[in-house]
Each structure stands twice: as structure tokens, then as C-alpha cells.
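*Asks:* Dropping in protein_5.txt, which is compact mmCIF, C-alpha atoms:
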# COMPACT_ATOMS: atom_id res chain seq x y z
CA MET A 13 67.91 -27.32 197.14
CA LEU A 14 67.36 -29.19 200.40
CA PRO A 15 63.86 -28.94 201.88
CA PRO A 16 63.10 -27.46 205.31
CA HIS A 17 63.94 -29.38 208.52
CA ARG A 18 67.67 -28.98 207.91
CA TRP A 19 68.28 -30.77 211.16
CA PHE A 20 67.00 -33.92 209.43
CA TRP A 21 69.80 -33.66 206.87
CA ILE A 22 72.28 -32.92 209.63
CA LEU A 23 71.17 -36.13 211.34
CA ILE A 24 71.64 -38.03 208.06
CA LEU A 25 75.21 -36.72 207.83
CA VAL A 26 75.80 -37.56 211.49
CA ALA A 27 74.60 -41.11 210.74
CA CYS A 28 77.08 -41.27 207.84
CA GLY A 29 79.89 -40.14 210.12
CA GLY A 30 78.78 -42.73 212.67
CA ALA A 31 78.88 -45.41 209.97
CA GLY A 32 82.47 -44.40 209.24
CA LEU A 33 83.36 -44.71 212.92
CA LEU A 34 81.66 -48.12 213.06
CA TYR A 35 83.67 -49.31 210.05
CA ASP A 36 86.89 -48.25 211.73
CA LEU A 37 85.85 -50.09 214.89
CA LEU A 38 84.80 -53.27 213.08
CA PHE A 39 87.58 -53.58 210.53
CA ALA A 40 90.48 -51.53 211.89
CA ASN A 41 90.09 -52.16 215.64
CA GLY A 42 89.44 -48.45 216.21
CA ALA A 43 92.94 -47.48 215.08
CA ALA A 44 91.91 -44.27 213.28
CA PRO A 45 88.47 -43.05 214.42
CA LEU A 46 88.95 -39.53 213.05
CA ALA A 47 89.86 -40.92 209.63
CA GLY A 48 86.79 -43.18 209.73
CA LEU A 49 84.62 -40.19 210.61
CA ILE A 50 86.00 -38.16 207.71
CA TYR A 51 85.54 -40.99 205.24
CA GLY A 52 81.95 -41.50 206.42
CA LEU A 53 81.10 -37.80 206.17
CA ALA A 54 82.70 -37.48 202.73
CA VAL A 55 80.84 -40.49 201.30
CA GLY A 56 77.60 -39.40 202.95
CA ALA A 57 77.84 -35.81 201.71
CA THR A 58 78.64 -36.89 198.15
CA THR A 59 75.86 -39.47 197.99
CA LEU A 60 73.32 -37.12 199.59
CA ALA A 61 74.25 -34.28 197.22
CA PHE A 62 73.67 -36.58 194.25
CA ASP A 63 70.41 -37.96 195.61
CA ARG A 64 69.05 -34.43 196.19
CA GLY A 65 70.14 -33.23 192.75
CA LEU A 66 72.74 -30.77 194.09
CA ILE A 67 75.32 -32.37 191.80
CA LEU A 68 74.61 -33.97 188.42
CA GLY A 69 70.97 -32.96 188.75
CA GLY A 70 70.39 -33.41 185.02
CA LEU A 71 71.60 -37.00 185.25
CA GLN A 72 69.11 -37.68 188.05
CA VAL A 73 66.25 -36.38 185.92
CA ARG A 74 67.25 -38.54 182.95
CA LEU A 75 67.70 -41.63 185.13
CA ARG A 76 64.19 -41.31 186.58
CA GLN A 77 62.71 -41.24 183.09
CA LEU A 78 64.16 -44.69 182.32
CA PRO A 79 62.11 -47.92 182.57
CA ALA A 80 62.20 -49.43 186.06
CA LYS A 81 64.52 -52.35 185.21
CA ILE A 82 67.09 -50.09 183.56
CA TYR A 83 66.72 -47.42 186.22
CA VAL A 84 67.65 -49.81 189.04
CA VAL A 85 70.90 -50.84 187.34
CA THR A 86 71.96 -47.37 186.20
CA ALA A 87 71.04 -45.77 189.53
CA GLU A 88 73.12 -48.37 191.37
CA LEU A 89 76.09 -47.64 189.09
CA ALA A 90 75.63 -43.92 189.72
CA TYR A 91 75.72 -44.51 193.48
CA VAL A 92 78.86 -46.60 193.11
CA LEU A 93 80.43 -43.64 191.29
CA MET A 94 79.34 -41.25 194.06
CA ILE A 95 80.72 -43.57 196.77
CA ALA A 96 84.03 -43.85 194.92
CA SER A 97 84.13 -40.05 194.64
CA GLY A 98 83.38 -39.74 198.35
CA ILE A 99 86.15 -42.19 199.24
CA ALA A 100 88.56 -40.22 197.05
CA LEU A 101 87.54 -36.95 198.71
CA GLY A 102 87.77 -38.44 202.20
CA GLY A 103 91.13 -40.07 201.41
CA LEU A 104 92.51 -36.76 200.14
CA ILE A 105 91.48 -35.00 203.37
CA VAL A 106 92.80 -37.80 205.58
CA TRP A 107 96.12 -37.87 203.69
CA ALA A 108 96.42 -34.06 203.75
CA LEU A 109 95.84 -34.01 207.53
CA GLY A 110 98.44 -36.73 208.07
CA LEU A 111 95.92 -39.13 209.59
CA THR A 112 97.25 -42.07 207.58
CA GLY A 113 100.65 -43.45 206.74
CA ASP A 114 99.41 -44.67 203.35
CA ALA A 115 100.40 -43.04 200.10
CA LEU A 116 97.77 -40.80 198.51
CA ARG A 117 96.91 -43.39 195.84
CA ASP A 118 96.17 -45.94 198.56
CA ALA A 119 94.23 -43.46 200.70
CA ILE A 120 91.83 -42.64 197.88
CA LYS A 121 91.46 -46.20 196.61
CA ILE A 122 88.16 -47.98 197.14
CA THR A 123 88.25 -51.67 198.10
CA PRO A 124 85.46 -54.23 197.57
CA ARG A 125 84.81 -54.37 201.33
CA VAL A 126 84.54 -50.57 201.61
CA LEU A 127 82.27 -50.47 198.57
CA ALA A 128 79.97 -53.20 199.90
CA TYR A 129 79.76 -51.54 203.34
CA SER A 130 79.12 -48.11 201.82
CA LEU A 131 76.41 -49.45 199.52
CA ALA A 132 74.65 -51.15 202.45
CA VAL A 133 74.70 -47.99 204.58
CA SER A 134 73.67 -45.80 201.62
CA ALA A 135 70.75 -48.11 200.83
CA MET A 136 69.41 -47.82 204.39
CA LEU A 137 69.74 -44.05 204.49
CA VAL A 138 68.27 -43.56 201.01
CA PHE A 139 65.33 -45.76 202.07
CA VAL A 140 64.66 -43.43 205.02
CA ILE A 141 64.91 -40.39 202.74
CA ARG A 142 62.57 -41.98 200.18
CA MET A 143 60.00 -42.70 202.89
CA ARG A 144 60.27 -39.08 203.96
CA ASP A 145 59.74 -37.93 200.38
CA LEU A 146 56.81 -40.31 199.92
CA ILE A 147 54.71 -39.06 202.83
CA GLY A 148 56.06 -35.51 203.02
CA GLY A 149 58.80 -34.05 205.15
CA GLU A 150 56.66 -32.44 207.82
CA VAL A 151 54.31 -35.43 208.08
CA PHE A 152 57.31 -37.78 208.35
CA VAL A 153 58.80 -35.75 211.19
CA ASN A 154 55.47 -35.56 213.01
CA PHE A 155 55.08 -39.34 212.75
CA LEU A 156 58.57 -39.85 214.17
CA VAL A 157 58.05 -37.58 217.17
CA GLY A 158 54.44 -38.69 217.68
CA ARG A 159 53.22 -35.09 217.77
CA TYR A 160 49.68 -35.96 216.70
CA HIS A 161 49.35 -39.33 218.40
CA ARG A 162 46.79 -37.51 220.50
CA PRO A 163 44.57 -34.87 218.83
CA VAL A 164 46.06 -31.36 218.88
CA ARG A 165 44.16 -28.11 218.41
CA GLU A 166 46.16 -25.64 216.35
CA GLU A 167 45.84 -22.89 213.77
CA ARG A 168 46.78 -23.61 210.17
CA ILE A 169 46.61 -22.01 206.75
CA PHE A 170 45.30 -24.12 203.87
CA LEU A 171 45.94 -23.61 200.18
CA PHE A 172 43.85 -25.68 197.77
CA LEU A 173 45.28 -25.77 194.23
CA ASP A 174 42.95 -27.33 191.68
CA VAL A 175 44.04 -28.18 188.11
CA VAL A 176 41.49 -26.64 185.73
CA GLY A 177 40.31 -28.80 182.83
CA SER A 178 41.89 -32.07 183.96
CA THR A 179 38.69 -34.04 183.29
CA ALA A 180 38.48 -32.74 179.73
CA PHE A 181 42.17 -33.50 179.26
CA ALA A 182 41.60 -37.11 180.37
CA GLU A 183 38.65 -37.50 178.01
CA THR A 184 40.76 -36.26 175.10
CA HIS A 185 44.10 -37.92 175.85
CA GLY A 186 43.23 -40.94 178.00
CA ASP A 187 43.84 -41.78 181.64
CA LEU A 188 47.55 -42.63 181.33
CA LYS A 189 48.38 -39.32 179.66
CA ALA A 190 46.19 -37.51 182.20
CA GLN A 191 48.07 -39.17 185.06
CA ALA A 192 51.38 -38.07 183.55
CA TYR A 193 49.99 -34.55 183.14
CA LEU A 194 48.77 -34.30 186.74
CA GLY A 195 52.01 -35.84 187.99
CA ALA A 196 53.99 -33.19 186.14
CA VAL A 197 51.78 -30.40 187.51
CA PHE A 198 52.13 -31.66 191.07
CA ALA A 199 55.90 -32.00 190.57
CA ALA A 200 56.00 -28.35 189.48
CA LEU A 201 54.48 -27.36 192.84
CA ALA A 202 57.21 -28.96 194.91
CA GLU A 203 59.98 -26.37 194.67
CA PRO A 204 57.77 -23.26 195.22
CA VAL A 205 56.06 -24.95 198.18
CA ARG A 206 59.42 -25.97 199.63
CA ARG A 207 60.86 -22.46 199.10
CA ASN A 208 57.92 -20.93 200.96
CA HIS A 209 58.19 -23.41 203.86
CA GLY A 210 54.87 -25.11 203.14
CA SER A 211 53.92 -28.77 203.26
CA THR A 212 52.04 -30.61 200.51
CA ASP A 213 49.94 -32.81 202.75
CA ASP A 214 47.62 -34.53 200.29
CA TYR A 215 46.52 -34.95 196.69
CA ILE A 216 42.78 -35.36 196.20
CA GLY A 217 42.04 -36.16 192.58
CA ASP A 218 43.33 -33.18 190.61
CA MET A 219 43.70 -30.98 193.70
CA ALA A 220 46.74 -30.47 195.93
CA MET A 221 46.32 -29.48 199.58
CA ILE A 222 49.17 -27.40 200.97
CA THR A 223 49.37 -26.26 204.57
CA TRP A 224 51.36 -24.08 206.93
CA PRO A 225 51.23 -23.61 210.69
CA MET A 226 49.60 -20.19 210.98
CA ALA A 227 52.65 -18.20 212.10
CA ARG A 228 54.92 -19.74 209.46
CA GLY A 229 52.47 -19.12 206.62
CA LEU A 230 51.78 -15.52 207.67
CA LYS A 231 55.45 -14.62 207.90
CA ASP A 232 56.45 -12.62 204.82
CA ALA A 233 53.05 -13.61 203.35
CA ARG A 234 54.55 -16.97 202.38
CA CYS A 235 51.16 -18.55 201.71
CA VAL A 236 50.38 -15.87 199.10
CA ALA A 237 53.88 -15.82 197.63
CA CYS A 238 53.67 -19.59 197.15
CA VAL A 239 50.68 -19.28 194.82
CA PHE A 240 52.34 -16.69 192.60
CA ASP A 241 55.65 -18.59 192.62
CA VAL A 242 53.78 -21.65 191.30
CA LEU A 243 52.08 -19.56 188.60
CA ASP A 244 55.38 -17.93 187.66
CA ARG A 245 57.06 -21.31 187.28
CA ILE A 246 54.33 -22.67 185.04
CA GLU A 247 54.37 -19.51 182.93
CA ALA A 248 58.16 -19.64 182.60
CA GLU A 249 57.93 -23.23 181.34
CA ALA A 250 54.90 -22.64 179.08
CA ALA A 251 56.72 -23.73 175.92
CA ALA A 252 57.78 -27.02 177.51
CA TRP A 253 54.21 -27.69 178.73
CA GLN A 254 52.82 -26.95 175.29
CA SER A 255 55.36 -29.23 173.64
CA ARG A 256 54.87 -32.14 176.02
CA PHE A 257 51.12 -32.02 176.69
CA GLY A 258 49.68 -29.58 174.15
CA VAL A 259 48.36 -27.38 176.93
CA VAL A 260 49.67 -25.03 179.62
CA PRO A 261 48.15 -25.84 183.04
CA ARG A 262 45.68 -23.45 184.62
CA LEU A 263 45.07 -23.52 188.36
CA ARG A 264 42.34 -22.37 190.68
CA ALA A 265 43.52 -21.49 194.18
CA ALA A 266 41.83 -20.85 197.52
CA LEU A 267 43.48 -19.63 200.73
CA HIS A 268 41.95 -19.72 204.17
CA GLY A 269 43.12 -20.33 207.71
CA GLY A 270 41.84 -20.89 211.20
CA SER A 271 41.53 -23.30 214.09
CA ILE A 272 41.49 -27.04 213.41
CA VAL A 273 42.10 -30.32 215.21
CA THR A 274 45.00 -32.37 213.85
CA ALA A 275 45.25 -36.07 214.68
CA GLU A 276 46.91 -39.29 213.58
CA VAL A 277 44.24 -41.68 212.31
CA GLY A 278 44.11 -45.19 210.88
CA VAL A 279 45.23 -48.67 211.90
CA ASP A 280 46.73 -50.56 208.95
CA ARG A 281 47.47 -47.29 207.14
CA HIS A 282 48.26 -44.28 209.29
CA LYS A 283 47.61 -40.73 208.20
CA ILE A 284 47.70 -37.27 209.76
CA ALA A 285 44.26 -35.74 209.17
CA TYR A 286 42.72 -32.32 209.76
CA PHE A 287 39.27 -31.90 211.28
CA GLY A 288 37.21 -28.74 211.50
CA ASP A 289 35.31 -26.09 209.61
CA THR A 290 38.47 -24.45 208.26
CA VAL A 291 39.21 -27.25 205.80
CA ASN A 292 35.62 -27.36 204.54
CA VAL A 293 35.49 -23.59 204.14
CA THR A 294 38.69 -23.63 202.07
CA SER A 295 37.08 -26.17 199.75
CA ARG A 296 33.92 -24.03 199.44
CA ILE A 297 36.03 -20.95 198.66
CA GLU A 298 37.76 -22.83 195.84
CA ALA A 299 34.32 -23.73 194.45
CA LEU A 300 33.47 -19.99 194.40
CA CYS A 301 36.25 -19.24 191.91
CA ARG A 302 34.22 -20.27 188.85
CA PRO A 303 30.99 -18.30 189.57
CA LEU A 304 33.02 -15.25 190.59
CA GLY A 305 35.13 -15.41 187.44
CA THR A 306 38.49 -15.55 189.18
CA GLU A 307 41.20 -18.15 189.67
CA LEU A 308 42.51 -17.03 193.06
CA LEU A 309 40.49 -16.32 196.19
CA ILE A 310 41.48 -15.60 199.76
CA SER A 311 39.16 -15.22 202.74
CA ASP A 312 39.11 -11.74 204.21
CA ASP A 313 39.64 -13.34 207.63
CA LEU A 314 43.06 -14.61 206.53
CA LEU A 315 43.81 -11.48 204.50
CA ALA A 316 43.35 -9.32 207.59
CA ARG A 317 45.97 -11.36 209.47
CA LEU A 318 48.68 -10.97 206.83
CA PRO A 319 51.31 -8.39 207.82
CA HIS A 320 51.67 -7.37 204.14
CA LEU A 321 51.29 -8.74 200.64
CA PRO A 322 54.21 -9.70 198.42
CA GLN A 323 55.58 -6.93 196.26
CA GLY A 324 53.45 -6.30 193.17
CA ILE A 325 50.37 -8.10 194.55
CA SER A 326 47.12 -6.39 195.56
CA ALA A 327 43.80 -7.64 196.92
CA ARG A 328 40.38 -6.70 195.51
CA SER A 329 37.26 -7.33 197.56
CA LEU A 330 34.53 -9.46 196.01
CA GLY A 331 32.11 -9.10 198.92
CA ALA A 332 30.45 -11.65 201.18
CA HIS A 333 29.00 -14.88 199.83
CA ALA A 334 26.94 -17.71 201.24
CA LEU A 335 28.81 -21.01 201.42
CA ARG A 336 27.12 -24.38 201.33
CA GLY A 337 26.95 -25.88 204.81
CA ARG A 338 27.87 -22.63 206.53
CA GLY A 339 25.34 -20.36 208.20
CA GLN A 340 27.15 -17.03 207.93
CA PRO A 341 28.28 -15.49 204.62
CA LEU A 342 32.04 -15.24 204.17
CA ALA A 343 33.82 -12.21 202.72
CA VAL A 344 36.43 -13.05 200.10
CA SER A 345 38.91 -11.17 197.92
CA THR A 346 40.84 -11.98 194.80
CA LEU A 347 44.60 -11.48 194.61
CA GLU A 348 46.02 -9.85 191.51
CA ARG A 349 49.28 -8.56 190.20
CA ALA A 350 49.32 -4.77 190.40
CA SER A 351 49.54 -4.48 186.61
CA LEU A 352 46.36 -6.57 186.23
CA ALA A 353 44.29 -4.92 188.95
CA ILE A 354 41.02 -3.51 187.62
CA ALA A 355 41.24 0.24 187.12
CA GLY A 356 39.14 2.19 189.58
CA SER A 357 38.58 -0.70 191.97
CA GLU A 358 39.36 -0.21 195.62
CA PRO A 359 41.90 -2.74 196.89
CA VAL A 360 41.39 -4.32 200.27
CA ARG A 361 45.11 -4.17 200.90
CA GLU A 362 47.56 -1.81 199.22
CA VAL A 363 50.67 -3.32 197.66
CA ALA A 364 53.32 -3.49 200.34
CA PRO A 365 57.07 -3.90 199.86
CA ARG A 366 58.47 -7.36 200.46
CA LEU A 367 60.88 -7.51 203.36
CA ALA A 368 64.51 -8.10 202.51
CA ALA A 369 64.45 -11.39 204.37
CA SER A 370 61.29 -12.53 202.61
CA LEU A 371 61.29 -16.03 201.16
Using C-alpha cells, write down the structure from this file.
*Replies:*
Amino acid sequence: MLPPHRWFWILILVACGGAGLLYDLLFANGAAPLAGLIYGLAVGATTLAFDRGLILGGLQVRLRQLPAKIYVVTAELAYVLMIASGIALGGLIVWALGLTGDALRDAIKITPRVLAYSLAVSAMLVFVIRMRDLIGGEVFVNFLVGRYHRPVREERIFLFLDVVGSTAFAETHGDLKAQAYLGAVFAALAEPVRRNHGSTDDYIGDMAMITWPMARGLKDARCVACVFDVLDRIEAEAAAWQSRFGVVPRLRAALHGGSIVTAEVGVDRHKIAYFGDTVNVTSRIEALCRPLGTELLISDDLLARLPHLPQGISARSLGAHALRGRGQPLAVSTLERASLAIAGSEPVREVAPRLAASL
């Protein structure tokens, strides 16, 4: 599944098509620009599909588990295979459209020069994609367009997801095993966050910070759906967690939203940072989970702004509580599946049907 910002992937494909046109111009004197475009798009689409796990996804997973030295060699061979497949696909299309006088076997054949050119272009594009993956898609785009070069006041929703018991796990299993455990937990967040159009903006110890622009997170209650999608995924893979780590992860979650100031900070290392009471309040709400005996809290301020809750989810008020560093008490609620809601309690928000276009 490709992440949001589909225009980014469209631009990547456009760049691949442009590389095909450039090859035709450099090595064929511009004799067949349409053929060059088709070859470029075919190679780009095949390589991108492999890199994103849309084809041979299982192979990608196994390759990334290999030691670094072996991974580099095998990954390069895999990309050579994808480029050859893309050339064959492009050659078939070019031959079928009558854009070449070559026989089919010549049209789909890859030459050393084509392979070297394709590998060079693929390496540059994959580097850009890896940088995007490293710092996060939304952050990457905002850096490119310079959106937060000057501070911007905006409204955002924050979800703090904290891994319960990670310190005890590290004491029992050691730091390396604990790092692998946290890495696997954070990896499990990626697809649900992506599906619900969120952005994982930071990891702070054993806590992940996920954000949405206010309107995007409120739509179809995506910020709430994200939490339960993460929990559902972990529950569905409980046996695998137990087998690999001897424990199934438990999470504490806090949801809150409001006005903040977002700005690009740093000199040698740049980062997009959030300033304001909203971020601190979200952290304080997460800290309330333990004394209140719940693993999921949402501020009533944010709850009141949601158009509905996801199907099967209800909210139960836990009253107002004093937060450290904040003068006024804050009312919070816990979110529960309807089947787990406490009998006789009065929900803050009745279960509402999920819209057909939701998620």
C-alpha cells in the first residue's frame, strides 16, 4: 500500500518517464521519444512496486532480515531483476504499439548500457524515497516546500502511544532485545497510521507521537480509528508476538488536539517541532492512564469536536482531573468497544455508524 501524498509517487513516475526520454535523447538522438517514455515508466513502475512491497512483498521482508553485507548484494540483484522485468514489459508495449522496427526478442532484451543507466537512475530515486521514509512522508514534504521555515500557527490532533512494560522487558531481556522489540512495535504502527492518514512525527523513548492536521484527523474519526486499528493488528498477531518476544505488547494511548505553533528548528540537524500547551497536555493525559486504570484516554475537548465515533466504539466520562503544570482541570473520557463498556455507565457519546467512505 502506498502512503498518502500520492502526488509524490506520481512525481517519482514522471521522473522515471523523464529518465527514459533523456536516455533516448542521449543514446538514440531522440529518434523514439515515446518509446523511451514507455520504457522509463515501465522500469520505474516495476522497481517502485517492488520497493514498496506491492510485488514480492515477502521477498522484501526476508531480504531486510539479512546481515547488511549480504543484504546489499541480494537487494542489488533483486533490483536488477526488477529492471529486467520492466524492460521486458516496456519492450512488449513498444513492440505491440509498433513504435520499434525490432523483433520482440530484441525489444525486450536488456543491454549492459541500459542496465547501468537504469541502476543509476533507480539508485537516485530510491535514495529520495529512503530519505522520505526516514524522516516521515509529511515532514519530508513540508521540508521540501518550506512550509514551516517561518513559524505557523495551526490546529493539530496528537496521539501519544506508549509501550507498557518496556523498561521491565529491557531489564529481563537486555537492551538489544528491547530495541528489537520496540522496533517491531513501532513497525506495527506504520500501516494503521498510514491507512488513517496520520503522520508518525517522532519516537521518544518507548513512545510514538502521531499527529494529524485537525480537519484531517476529525474526518471519519480517523484519530480514534487509528488507535483501535493498531490494537486490532497487535491482537491479530498475538501468537507471532508471543513466539518472537514472549510477550504481546500493551499500549497506553492519549488523544488531544488544539492550537499549536509549528516551526522548523535546528542548524546542523533540522527538525519540525511543535510548541504550545496542546503537546504538553497530551503527555499529561497519557500519564493519567495508570491512576485512572485505563489504557486509552481522550480529552473531552477533542471528543466534542468529533462528528461521530467509529462503529462499535463508545466513550465513557471519567470526569475532570488536575494536570501538572496546568491551572484548570481537564475533563477526559475513556474509549471502549461497545461490548466492553461498563454496564449502567452513561456514555459521553453514543456509538455512531461509520460512514461508508470512512477510512
*Asks:* Listing only residues of segment 56-125 of chain A within 12 Å of segment 20-41 of chain A, what is the closest atom pair and its distance in Å (to one decimal) for each, using all atoms listed in the file, sorted by chain and residue number ascending, as JSON lines?
*Replies:*
{"residue": "A:Gly56", "atom": "CA", "partner": "A:Cys28", "partner_atom": "CA", "distance": 5.3}
{"residue": "A:Ala57", "atom": "CA", "partner": "A:Leu25", "partner_atom": "CA", "distance": 6.7}
{"residue": "A:Thr58", "atom": "CA", "partner": "A:Leu25", "partner_atom": "CA", "distance": 10.3}
{"residue": "A:Thr59", "atom": "CA", "partner": "A:Cys28", "partner_atom": "CA", "distance": 10.1}
{"residue": "A:Leu60", "atom": "CA", "partner": "A:Leu25", "partner_atom": "CA", "distance": 8.5}
{"residue": "A:Ala61", "atom": "CA", "partner": "A:Trp21", "partner_atom": "CA", "distance": 10.6}
{"residue": "A:Arg64", "atom": "CA", "partner": "A:Trp21", "partner_atom": "CA", "distance": 10.7}
{"residue": "A:Ile95", "atom": "CA", "partner": "A:Cys28", "partner_atom": "CA", "distance": 11.9}
{"residue": "A:Gly98", "atom": "CA", "partner": "A:Cys28", "partner_atom": "CA", "distance": 11.5}
{"residue": "A:Ile99", "atom": "CA", "partner": "A:Gly32", "partner_atom": "CA", "distance": 10.9}
{"residue": "A:Gly102", "atom": "CA", "partner": "A:Gly32", "partner_atom": "CA", "distance": 10.6}
{"residue": "A:Arg125", "atom": "CA", "partner": "A:Phe39", "partner_atom": "CA", "distance": 9.6}
*Asks:* Given all atoms listed in the file as the basis, pick out the residue of A:Glu249, A:Asp213, A:Glu276, A:Glu183 nearest to Val197 of chain A.
*Replies:*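 The answer is A:Glu249, which sits nearest to Val197 of chain A.
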*Asks:* A:Glu307, A:Asp241, A:Asp289, A:Asp63: which is nearest Ile141 of chain A, counting all atoms listed in the file?
*Replies:*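 Using all atoms listed in the file, the shortest distance to Ile141 of chain A belongs to A:Asp63.
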*Asks:* Counting all atoms listed in the file, figure out which residue out of A:Gly65, A:Gly177, A:Gly103, A:Gly195 gets nearest to Tyr51 of chain A.
*Replies:*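 Smallest separation from Tyr51 of chain A among the options: A:Gly103.
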*Asks:* Check the smallest atom-to-atom distance from each of A:Lys121, A:Arg245, A:Arg296, A:Arg338 to Ala96 of chain A using all atoms listed in the file, then report the winner.
*Replies:* A:Lys121
*Asks:* If we count only C-alpha atoms, what is near Val236 of chain A at a cut-off of 12 Å, once residues fewer than 5 positions away on the same chain are taken out, given as an MDAnalysis selection string?
*Replies:* chainID A and resid 169:172 204:205 208:210 222:224 228:231 241:243 265:268 308:311 314:315 318:327 346:349 366 370:371
*Asks:* My list of candidates is A:Ala180, A:Ala190, A:Ala252, A:Ile272. Which is closest to Glu166 of chain A when distances are computed with only C-alpha atoms?
*Replies:*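 Of the candidates, the smallest distance to Glu166 of chain A is held by A:Ile272.
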*Asks:* Considering all atoms listed in the file, can you say which of A:Leu137, A:Leu53, A:Val293, A:Leu131 comes closest to Leu101 of chain A?
*Replies:* A:Leu53
*Asks:* To one decimal place, how far is atom CA of Met219 of chain A from atom CA of Leu300 of chain A in Å?
*Replies:* 15.0 Å
*Asks:* What separation in Å, quoted to one decimal, exists between atom CA of Leu93 of chain A and atom CA of Leu68 of chain A?
*Replies:*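 Answer for the atom CA of Leu93 of chain A to atom CA of Leu68 of chain A separation: 11.6 Å.
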*Asks:* Could you check how far atom CA of Val85 of chain A sits from atom CA of Val140 of chain A, in Å to one decimal?
*Replies:*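 Separation of atom CA of Val85 of chain A and atom CA of Val140 of chain A: 20.2 Å.
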*Asks:* Counting all atoms listed in the file, write as a PyMOL selection string all protein and nucleic acid residues lying at most 9 Å from (45.3, -22.5, 214.0) in the file's frame.
*Replies:* chain A and resi 165-169+225-227+269-273
*Asks:* Could you give me, as a PyMOL selection string, the residues within 8 Å of Asp218 of chain A, counting all atoms listed in the file and dropping anything in the same chain fewer than 6 positions from it?
*Replies:* chain A and resi 174-175+178+194
